[in-house]
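The next block is coords_28.cif, given as mmCIF, N, CA and C atoms and all ligand atoms.
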```cif
data_upload
loop_
_atom_site.label_atom_id
_atom_site.label_comp_id
_atom_site.auth_asym_id
_atom_site.auth_seq_id
_atom_site.Cartn_x
_atom_site.Cartn_y
_atom_site.Cartn_z
N MET A 1 56.69 130.73 190.58
CA MET A 1 57.46 130.16 189.48
C MET A 1 56.95 128.75 189.15
N LYS A 2 56.89 128.48 187.88
CA LYS A 2 56.41 127.16 187.43
C LYS A 2 57.51 126.13 187.57
N ARG A 3 57.21 125.06 188.28
CA ARG A 3 58.21 124.00 188.44
C ARG A 3 58.10 123.03 187.29
N ASP A 4 59.23 122.60 186.82
CA ASP A 4 59.22 121.63 185.73
C ASP A 4 58.84 120.26 186.28
N LEU A 5 58.07 119.56 185.47
CA LEU A 5 57.64 118.20 185.79
C LEU A 5 58.85 117.31 186.08
N TRP A 6 59.93 117.62 185.40
CA TRP A 6 61.15 116.83 185.48
C TRP A 6 61.72 116.81 186.89
N ASP A 7 61.51 117.90 187.62
CA ASP A 7 62.05 118.01 188.97
C ASP A 7 61.12 117.44 190.04
N ALA A 8 59.88 117.18 189.66
CA ALA A 8 58.91 116.70 190.64
C ALA A 8 59.10 115.21 190.94
N ILE A 9 58.59 114.78 192.10
CA ILE A 9 58.65 113.36 192.46
C ILE A 9 57.42 112.67 191.88
N HIS A 10 57.66 111.56 191.19
CA HIS A 10 56.57 110.83 190.56
C HIS A 10 56.40 109.47 191.20
N LYS A 11 55.12 109.10 191.37
CA LYS A 11 54.84 107.77 191.89
C LYS A 11 54.22 106.92 190.79
N CYS A 12 54.58 105.64 190.82
CA CYS A 12 54.10 104.70 189.80
C CYS A 12 52.58 104.57 189.90
N SER A 13 51.93 104.62 188.74
CA SER A 13 50.47 104.50 188.72
C SER A 13 50.03 103.05 188.95
N LYS A 14 50.96 102.11 188.78
CA LYS A 14 50.63 100.69 188.95
C LYS A 14 50.84 100.22 190.39
N CYS A 15 52.01 100.58 190.97
CA CYS A 15 52.33 100.02 192.29
C CYS A 15 52.61 101.09 193.34
N ASP A 16 52.51 102.35 192.96
CA ASP A 16 52.67 103.47 193.90
C ASP A 16 54.09 103.67 194.42
N ALA A 17 55.06 102.92 193.89
CA ALA A 17 56.45 103.12 194.31
C ALA A 17 56.99 104.41 193.67
N VAL A 18 58.07 104.91 194.23
CA VAL A 18 58.67 106.12 193.67
C VAL A 18 59.38 105.77 192.36
N MET A 19 59.22 106.65 191.38
CA MET A 19 59.86 106.42 190.08
C MET A 19 61.11 107.25 190.01
N LYS A 20 62.11 106.71 189.29
CA LYS A 20 63.34 107.50 189.13
C LYS A 20 63.47 107.97 187.68
N ARG A 21 64.14 109.09 187.55
CA ARG A 21 64.33 109.66 186.21
C ARG A 21 65.18 108.74 185.35
N LYS A 22 64.85 108.71 184.07
CA LYS A 22 65.60 107.87 183.17
C LYS A 22 65.60 108.48 181.77
N GLU A 23 66.73 108.39 181.10
CA GLU A 23 66.79 108.83 179.72
C GLU A 23 66.55 107.61 178.83
N ILE A 24 65.51 107.70 178.02
CA ILE A 24 65.12 106.57 177.18
C ILE A 24 65.42 106.94 175.73
N THR A 25 65.95 105.99 174.97
CA THR A 25 66.22 106.26 173.56
C THR A 25 65.16 105.58 172.70
N ILE A 26 64.41 106.39 171.95
CA ILE A 26 63.39 105.88 171.04
C ILE A 26 63.73 106.35 169.64
N GLU A 27 63.87 105.39 168.74
CA GLU A 27 64.22 105.67 167.34
C GLU A 27 65.41 106.64 167.24
N GLY A 28 66.40 106.42 168.08
CA GLY A 28 67.61 107.22 168.04
C GLY A 28 67.50 108.57 168.72
N GLU A 29 66.33 108.88 169.27
CA GLU A 29 66.13 110.17 169.94
C GLU A 29 66.12 109.96 171.45
N LYS A 30 66.80 110.87 172.18
CA LYS A 30 66.80 110.78 173.63
C LYS A 30 65.54 111.45 174.19
N VAL A 31 64.84 110.71 175.02
CA VAL A 31 63.60 111.19 175.60
C VAL A 31 63.69 111.05 177.12
N ARG A 32 63.22 112.10 177.84
CA ARG A 32 63.20 112.01 179.29
C ARG A 32 62.00 111.19 179.74
N GLY A 33 62.20 110.44 180.78
CA GLY A 33 61.09 109.66 181.30
C GLY A 33 61.38 109.20 182.72
N TRP A 34 60.48 108.42 183.27
CA TRP A 34 60.65 107.89 184.61
C TRP A 34 60.44 106.40 184.59
N GLU A 35 61.19 105.70 185.44
CA GLU A 35 61.08 104.26 185.53
C GLU A 35 60.77 103.90 186.97
N CYS A 36 59.84 102.98 187.13
CA CYS A 36 59.46 102.54 188.47
C CYS A 36 60.60 101.74 189.07
N THR A 37 60.85 101.96 190.36
CA THR A 37 61.93 101.22 191.02
C THR A 37 61.49 99.81 191.41
N LYS A 38 60.17 99.55 191.36
CA LYS A 38 59.66 98.22 191.74
C LYS A 38 59.26 97.39 190.52
N CYS A 39 58.32 97.91 189.73
CA CYS A 39 57.87 97.16 188.56
C CYS A 39 58.54 97.74 187.30
N ASP A 40 58.16 97.29 186.15
CA ASP A 40 58.81 97.72 184.92
C ASP A 40 58.18 98.96 184.28
N GLU A 41 57.20 99.55 184.96
CA GLU A 41 56.47 100.68 184.39
C GLU A 41 57.40 101.85 184.05
N THR A 42 57.25 102.36 182.82
CA THR A 42 57.97 103.58 182.46
C THR A 42 56.98 104.60 181.91
N VAL A 43 57.28 105.86 182.18
CA VAL A 43 56.43 106.95 181.72
C VAL A 43 57.31 107.96 181.01
N LEU A 44 56.84 108.48 179.88
CA LEU A 44 57.61 109.49 179.16
C LEU A 44 57.22 110.89 179.62
N HIS A 45 58.18 111.79 179.59
CA HIS A 45 57.90 113.19 179.88
C HIS A 45 56.93 113.68 178.79
N PRO A 46 55.77 114.23 179.19
CA PRO A 46 54.78 114.62 178.17
C PRO A 46 55.33 115.57 177.11
N GLN A 47 56.19 116.49 177.51
CA GLN A 47 56.79 117.42 176.54
C GLN A 47 57.62 116.68 175.50
N ASP A 48 58.42 115.72 175.98
CA ASP A 48 59.29 114.96 175.08
C ASP A 48 58.47 114.01 174.22
N ALA A 49 57.40 113.44 174.81
CA ALA A 49 56.53 112.54 174.06
C ALA A 49 55.87 113.31 172.91
N GLN A 50 55.47 114.53 173.21
CA GLN A 50 54.87 115.42 172.20
C GLN A 50 55.87 115.69 171.07
N ARG A 51 57.10 115.98 171.48
CA ARG A 51 58.17 116.26 170.51
C ARG A 51 58.42 115.04 169.63
N MET A 52 58.40 113.85 170.24
CA MET A 52 58.61 112.60 169.49
C MET A 52 57.51 112.39 168.45
N LEU A 53 56.26 112.67 168.87
CA LEU A 53 55.12 112.53 167.96
C LEU A 53 55.28 113.45 166.77
N LEU A 54 55.63 114.71 167.07
CA LEU A 54 55.81 115.70 166.02
C LEU A 54 56.96 115.29 165.10
N LEU A 55 58.05 114.81 165.71
CA LEU A 55 59.21 114.40 164.93
C LEU A 55 58.86 113.25 163.98
N SER A 56 58.12 112.26 164.49
CA SER A 56 57.81 111.11 163.63
C SER A 56 56.85 111.53 162.51
N LYS A 57 55.99 112.51 162.81
CA LYS A 57 55.10 113.04 161.76
C LYS A 57 55.93 113.77 160.70
N LEU A 58 56.85 114.61 161.15
CA LEU A 58 57.65 115.42 160.22
C LEU A 58 58.69 114.59 159.48
N LYS A 59 59.08 113.45 160.05
CA LYS A 59 60.02 112.57 159.36
C LYS A 59 59.42 112.00 158.09
N ARG A 60 58.10 111.89 158.08
CA ARG A 60 57.41 111.39 156.89
C ARG A 60 57.42 112.44 155.77
N GLY A 61 57.66 113.69 156.16
CA GLY A 61 57.79 114.76 155.18
C GLY A 61 56.54 115.60 155.01
N LEU A 62 56.74 116.84 154.64
CA LEU A 62 55.65 117.77 154.35
C LEU A 62 55.85 118.29 152.93
N SER A 63 54.76 118.40 152.20
CA SER A 63 54.85 118.91 150.85
C SER A 63 54.70 120.43 150.87
N VAL A 64 55.65 121.13 150.31
CA VAL A 64 55.57 122.59 150.25
C VAL A 64 55.82 123.06 148.82
N LYS A 65 55.24 124.20 148.49
CA LYS A 65 55.39 124.75 147.14
C LYS A 65 56.63 125.62 147.05
N ILE A 66 57.21 125.66 145.86
CA ILE A 66 58.36 126.52 145.62
C ILE A 66 57.87 127.87 145.16
N GLY A 67 58.32 128.90 145.83
CA GLY A 67 57.94 130.26 145.45
C GLY A 67 59.10 130.96 144.76
N GLU A 68 58.91 132.24 144.53
CA GLU A 68 59.95 133.01 143.86
C GLU A 68 60.12 134.34 144.58
N LEU A 69 61.36 134.74 144.78
CA LEU A 69 61.65 136.01 145.42
C LEU A 69 62.83 136.62 144.67
N GLY A 70 62.55 137.63 143.88
CA GLY A 70 63.60 138.20 143.04
C GLY A 70 64.08 137.16 142.06
N LYS A 71 65.39 136.92 142.07
CA LYS A 71 65.94 135.93 141.16
C LYS A 71 66.08 134.55 141.80
N SER A 72 65.74 134.47 143.09
CA SER A 72 65.89 133.20 143.80
C SER A 72 64.55 132.48 143.94
N LEU A 73 64.65 131.19 144.15
CA LEU A 73 63.47 130.41 144.48
C LEU A 73 63.40 130.30 145.99
N VAL A 74 62.19 130.24 146.51
CA VAL A 74 61.98 130.23 147.96
C VAL A 74 61.18 129.01 148.37
N VAL A 75 61.67 128.32 149.38
CA VAL A 75 60.92 127.22 149.98
C VAL A 75 60.59 127.62 151.40
N ARG A 76 59.32 127.61 151.72
CA ARG A 76 58.90 127.99 153.08
C ARG A 76 59.05 126.80 154.01
N ILE A 77 59.51 127.07 155.21
CA ILE A 77 59.61 126.03 156.23
C ILE A 77 58.38 126.14 157.12
N PRO A 78 57.56 125.10 157.15
CA PRO A 78 56.34 125.15 157.97
C PRO A 78 56.66 125.44 159.44
N LYS A 79 55.73 126.13 160.10
CA LYS A 79 55.91 126.56 161.50
C LYS A 79 56.33 125.43 162.43
N GLU A 80 55.64 124.27 162.32
CA GLU A 80 55.94 123.18 163.26
C GLU A 80 57.35 122.62 163.03
N MET A 81 57.81 122.66 161.77
CA MET A 81 59.17 122.23 161.46
C MET A 81 60.15 123.24 162.06
N ALA A 82 59.84 124.53 161.89
CA ALA A 82 60.70 125.59 162.41
C ALA A 82 60.81 125.52 163.93
N SER A 83 59.70 125.25 164.59
CA SER A 83 59.75 125.23 166.05
C SER A 83 60.48 123.98 166.55
N LEU A 84 60.35 122.87 165.85
CA LEU A 84 61.06 121.66 166.25
C LEU A 84 62.57 121.86 166.19
N TYR A 85 63.02 122.62 165.20
CA TYR A 85 64.45 122.84 165.02
C TYR A 85 64.93 124.19 165.54
N ASN A 86 64.05 124.89 166.26
CA ASN A 86 64.37 126.22 166.80
C ASN A 86 64.88 127.18 165.72
N LEU A 87 64.23 127.16 164.58
CA LEU A 87 64.63 128.06 163.50
C LEU A 87 63.85 129.36 163.62
N SER A 88 64.53 130.45 163.33
CA SER A 88 63.83 131.73 163.31
C SER A 88 64.45 132.61 162.24
N LYS A 89 63.74 133.70 161.93
CA LYS A 89 64.20 134.63 160.91
C LYS A 89 65.61 135.12 161.26
N GLY A 90 66.48 135.12 160.27
CA GLY A 90 67.85 135.56 160.50
C GLY A 90 68.78 134.42 160.88
N GLY A 91 68.22 133.25 161.18
CA GLY A 91 69.03 132.09 161.50
C GLY A 91 69.76 131.60 160.26
N GLN A 92 70.75 130.74 160.48
CA GLN A 92 71.56 130.28 159.37
C GLN A 92 71.41 128.79 159.15
N VAL A 93 71.24 128.39 157.90
CA VAL A 93 71.25 126.98 157.54
C VAL A 93 72.20 126.78 156.36
N THR A 94 72.67 125.57 156.21
CA THR A 94 73.52 125.24 155.07
C THR A 94 72.72 124.32 154.16
N ILE A 95 72.67 124.67 152.91
CA ILE A 95 71.92 123.88 151.95
C ILE A 95 72.91 123.05 151.12
N LYS A 96 72.62 121.75 151.01
CA LYS A 96 73.55 120.82 150.35
C LYS A 96 72.83 119.97 149.33
N ALA A 97 73.47 119.70 148.23
CA ALA A 97 72.94 118.75 147.26
C ALA A 97 73.27 117.36 147.78
N GLU A 98 72.24 116.59 148.07
CA GLU A 98 72.44 115.25 148.65
C GLU A 98 72.49 114.19 147.54
N SER A 99 71.54 114.23 146.66
CA SER A 99 71.52 113.34 145.51
C SER A 99 70.71 114.03 144.42
N GLU A 100 70.41 113.32 143.36
CA GLU A 100 69.67 113.96 142.26
C GLU A 100 68.24 114.33 142.65
N SER A 101 67.72 113.71 143.70
CA SER A 101 66.35 114.03 144.11
C SER A 101 66.24 114.45 145.57
N LYS A 102 67.38 114.80 146.16
CA LYS A 102 67.36 115.15 147.57
C LYS A 102 68.27 116.33 147.87
N ILE A 103 67.70 117.32 148.57
CA ILE A 103 68.47 118.47 149.04
C ILE A 103 68.48 118.41 150.56
N GLU A 104 69.64 118.63 151.15
CA GLU A 104 69.75 118.57 152.60
C GLU A 104 69.88 119.97 153.19
N LEU A 105 69.21 120.19 154.31
CA LEU A 105 69.35 121.44 155.04
C LEU A 105 70.02 121.12 156.37
N GLU A 106 71.11 121.80 156.65
CA GLU A 106 71.76 121.56 157.93
C GLU A 106 71.68 122.83 158.76
N ILE A 107 71.32 122.66 160.03
CA ILE A 107 71.18 123.81 160.91
C ILE A 107 72.57 124.37 161.19
N GLY A 108 72.72 125.67 161.01
CA GLY A 108 73.98 126.34 161.32
C GLY A 108 74.85 126.56 160.10
N ASN A 109 75.95 127.22 160.36
CA ASN A 109 76.91 127.55 159.32
C ASN A 109 77.87 126.42 159.06
N LEU A 110 78.21 126.23 157.83
CA LEU A 110 79.27 125.29 157.49
C LEU A 110 80.59 126.05 157.64
N SER A 111 81.51 125.50 158.44
CA SER A 111 82.78 126.20 158.63
C SER A 111 83.64 126.04 157.39
N ALA A 112 84.63 126.91 157.25
CA ALA A 112 85.54 126.87 156.11
C ALA A 112 86.24 125.51 156.05
N GLU A 113 86.59 124.96 157.22
CA GLU A 113 87.25 123.66 157.31
C GLU A 113 86.37 122.55 156.74
N GLU A 114 85.09 122.57 157.16
CA GLU A 114 84.16 121.55 156.68
C GLU A 114 83.99 121.64 155.16
N LEU A 115 83.93 122.87 154.67
CA LEU A 115 83.80 123.07 153.23
C LEU A 115 84.99 122.47 152.50
N GLU A 116 86.17 122.71 153.03
CA GLU A 116 87.40 122.21 152.44
C GLU A 116 87.40 120.68 152.44
N ASP A 117 87.00 120.09 153.57
CA ASP A 117 86.91 118.63 153.67
C ASP A 117 85.96 118.07 152.63
N ASP A 118 84.81 118.73 152.51
CA ASP A 118 83.80 118.27 151.55
C ASP A 118 84.35 118.28 150.13
N ILE A 119 85.08 119.34 149.80
CA ILE A 119 85.64 119.47 148.46
C ILE A 119 86.70 118.39 148.23
N LYS A 120 87.53 118.12 149.26
CA LYS A 120 88.55 117.06 149.16
C LYS A 120 87.89 115.72 148.90
N HIS A 121 86.83 115.42 149.67
CA HIS A 121 86.11 114.16 149.49
C HIS A 121 85.56 114.02 148.08
N MET A 122 85.03 115.15 147.59
CA MET A 122 84.43 115.15 146.27
C MET A 122 85.49 114.80 145.22
N TYR A 123 86.66 115.43 145.33
CA TYR A 123 87.72 115.17 144.36
C TYR A 123 88.20 113.74 144.43
N LYS A 124 88.26 113.17 145.65
CA LYS A 124 88.67 111.78 145.83
C LYS A 124 87.71 110.86 145.09
N ARG A 125 86.42 111.18 145.19
CA ARG A 125 85.41 110.33 144.56
C ARG A 125 85.50 110.39 143.03
N ILE A 126 85.80 111.59 142.54
CA ILE A 126 85.87 111.77 141.08
C ILE A 126 87.15 111.15 140.53
N ALA A 127 88.26 111.38 141.25
CA ALA A 127 89.57 110.91 140.76
C ALA A 127 89.69 109.39 140.75
ZN ZN A 201 55.55 100.37 189.64
#
```

Can you turn what I pasted into structure tokens?
Amino acid sequence: MKRDLWDAIHKCSKCDAVMKRKEITIEGEKVRGWECTKCDETVLHPQDAQRMLLLSKLKRGLSVKIGELGKSLVVRIPKEMASLYNLSKGGQVTIKAESESKIELEIGNLSAEELEDDIKHMYKRIA
């Protein structure tokens, strides 16, 4: 069985002391890492570091073409975006009008309660 790096004991590359696990927050994202108990050296979990790199790349946005399927328009979600958000065929997303030039996709179903709240907020803004 493959052991996760997270469970292994790590020694500091600078001073050889044992490092302890630490959750580090970078740009609002939680990343696993290790911190040296002696010096200030910190190391990020390579998997999480990879995810952070991908996230910062995808935050800049990807340009995709609008297609057509029957009477609907279709926007393809690039593979790397899909894997970052664990999206797969048959999964559910909620599509929202954010502003005149922005559409928001939210992972998962919008509950009836949330829909009702959204409508109430909308009426408050208009009234
Ligand atoms: Zn150290």

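Counting from CA of Asp40 in chain A, the distance to atom ZN of ligand ZN 201 (chain A) is 6.3 Å.
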
Atom pair CA of Arg32 in chain A / atom N of Met19 in chain A: separation (Å): 13.8 Å

Two-atom distance - atom N of Ser63 in chain A, CA of Ser83 in chain A (Å):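 Between atom N of Ser63 in chain A and CA of Ser83 in chain A the gap is 16.2 Å.
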
Sorted per-residue table, chain A near ligand ZN 201 (chain A), closest atoms and distance, 6.5 Å, all atoms listed in the file, as JSON lines:
```
{"residue": "A:Cys12", "atom": "CA", "partner": "A:ZN201", "partner_atom": "ZN", "distance": 4.6}
{"residue": "A:Ser13", "atom": "N", "partner": "A:ZN201", "partner_atom": "ZN", "distance": 5.7}
{"residue": "A:Lys14", "atom": "C", "partner": "A:ZN201", "partner_atom": "ZN", "distance": 4.8}
{"residue": "A:Cys15", "atom": "N", "partner": "A:ZN201", "partner_atom": "ZN", "distance": 3.8}
{"residue": "A:Asp16", "atom": "N", "partner": "A:ZN201", "partner_atom": "ZN", "distance": 4.9}
{"residue": "A:Ala17", "atom": "N", "partner": "A:ZN201", "partner_atom": "ZN", "distance": 5.0}
{"residue": "A:Cys36", "atom": "CA", "partner": "A:ZN201", "partner_atom": "ZN", "distance": 4.6}
{"residue": "A:Thr37", "atom": "N", "partner": "A:ZN201", "partner_atom": "ZN", "distance": 5.6}
{"residue": "A:Lys38", "atom": "C", "partner": "A:ZN201", "partner_atom": "ZN", "distance": 4.8}
{"residue": "A:Cys39", "atom": "N", "partner": "A:ZN201", "partner_atom": "ZN", "distance": 3.7}
{"residue": "A:Asp40", "atom": "N", "partner": "A:ZN201", "partner_atom": "ZN", "distance": 5.3}
{"residue": "A:Glu41", "atom": "N", "partner": "A:ZN201", "partner_atom": "ZN", "distance": 5.0}
```

DSSP strand (DSSP E or B) selection over chain A, as a ChimeraX atom specification: /A:11,18-26,29-36,42-44,66-69,72-75,93-99,102-107

Residues flagged helix (DSSP H, G or I) by DSSP in range 27-86 of chain A, as number ranges by chain: A: 46-59, 79-84

Which residue of A:Gly61, A:Gly91, A:Pro78, A:Asp7 approaches Asn109 in chain A most closely, using only C-alpha atoms: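 Residue with the minimum atom-to-atom distance to Asn109 in chain A: A:Gly91.
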
Return as CSV the residues of range 61-94 of chain A lying at most 5 Å from range 100-108 of chain A, together with the closest atom-to-atom pair for each and the distance in Å to one decimal, counting all atoms listed in the file, with rows in chain order and ascending residue number.
```
residue,atom,partner,partner_atom,distance
A:Gln92,C,A:Gly108,N,3.9
A:Val93,CA,A:Gly108,N,4.0
A:Thr94,N,A:Glu106,C,3.9
```

Point (63.8, 109.4, 176.9), cut-off 8 Å, counting all atoms listed in the file, residues as a list in words: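 Residues found, by chain and rising number: Lys22, Glu23, Ile24, Thr25, Ile26, Glu29, Lys30, Val31, Arg32, Gly33, Trp34, Val43, Leu44, His45, Asp48 and Ala49 of chain A.
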
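Proximity of A:Lys96, A:Glu113, A:Asp4, A:Leu84 to Arg51 in chain A, computed with all atoms listed in the file, is greatest for A:Leu84.
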
Selected residue of minimal separation from Thr42 in chain A among A:Glu27, A:Arg76, A:His10, A:Leu55, counting only C-alpha atoms: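 Among the listed residues, A:His10 lies closest to Thr42 in chain A.
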
Counting only C-alpha atoms, the residue of A:Ser88, A:Asp117, A:Tyr123, A:Leu5 that sits nearest Pro46 in chain A: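 With only C-alpha atoms as the atom set, the closest residue is A:Leu5.
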
Output as lines of an AutoDock Vina configuration file the centre and edge lengths (Å, one decimal) of the box along x, y and z of the file that holds every listed atom of range 56-63 of chain A after adding 6 Å on each side.
```
center_x = 57.4
center_y = 115.8
center_z = 157.7
size_x = 17.3
size_y = 21.3
size_z = 25.6
```
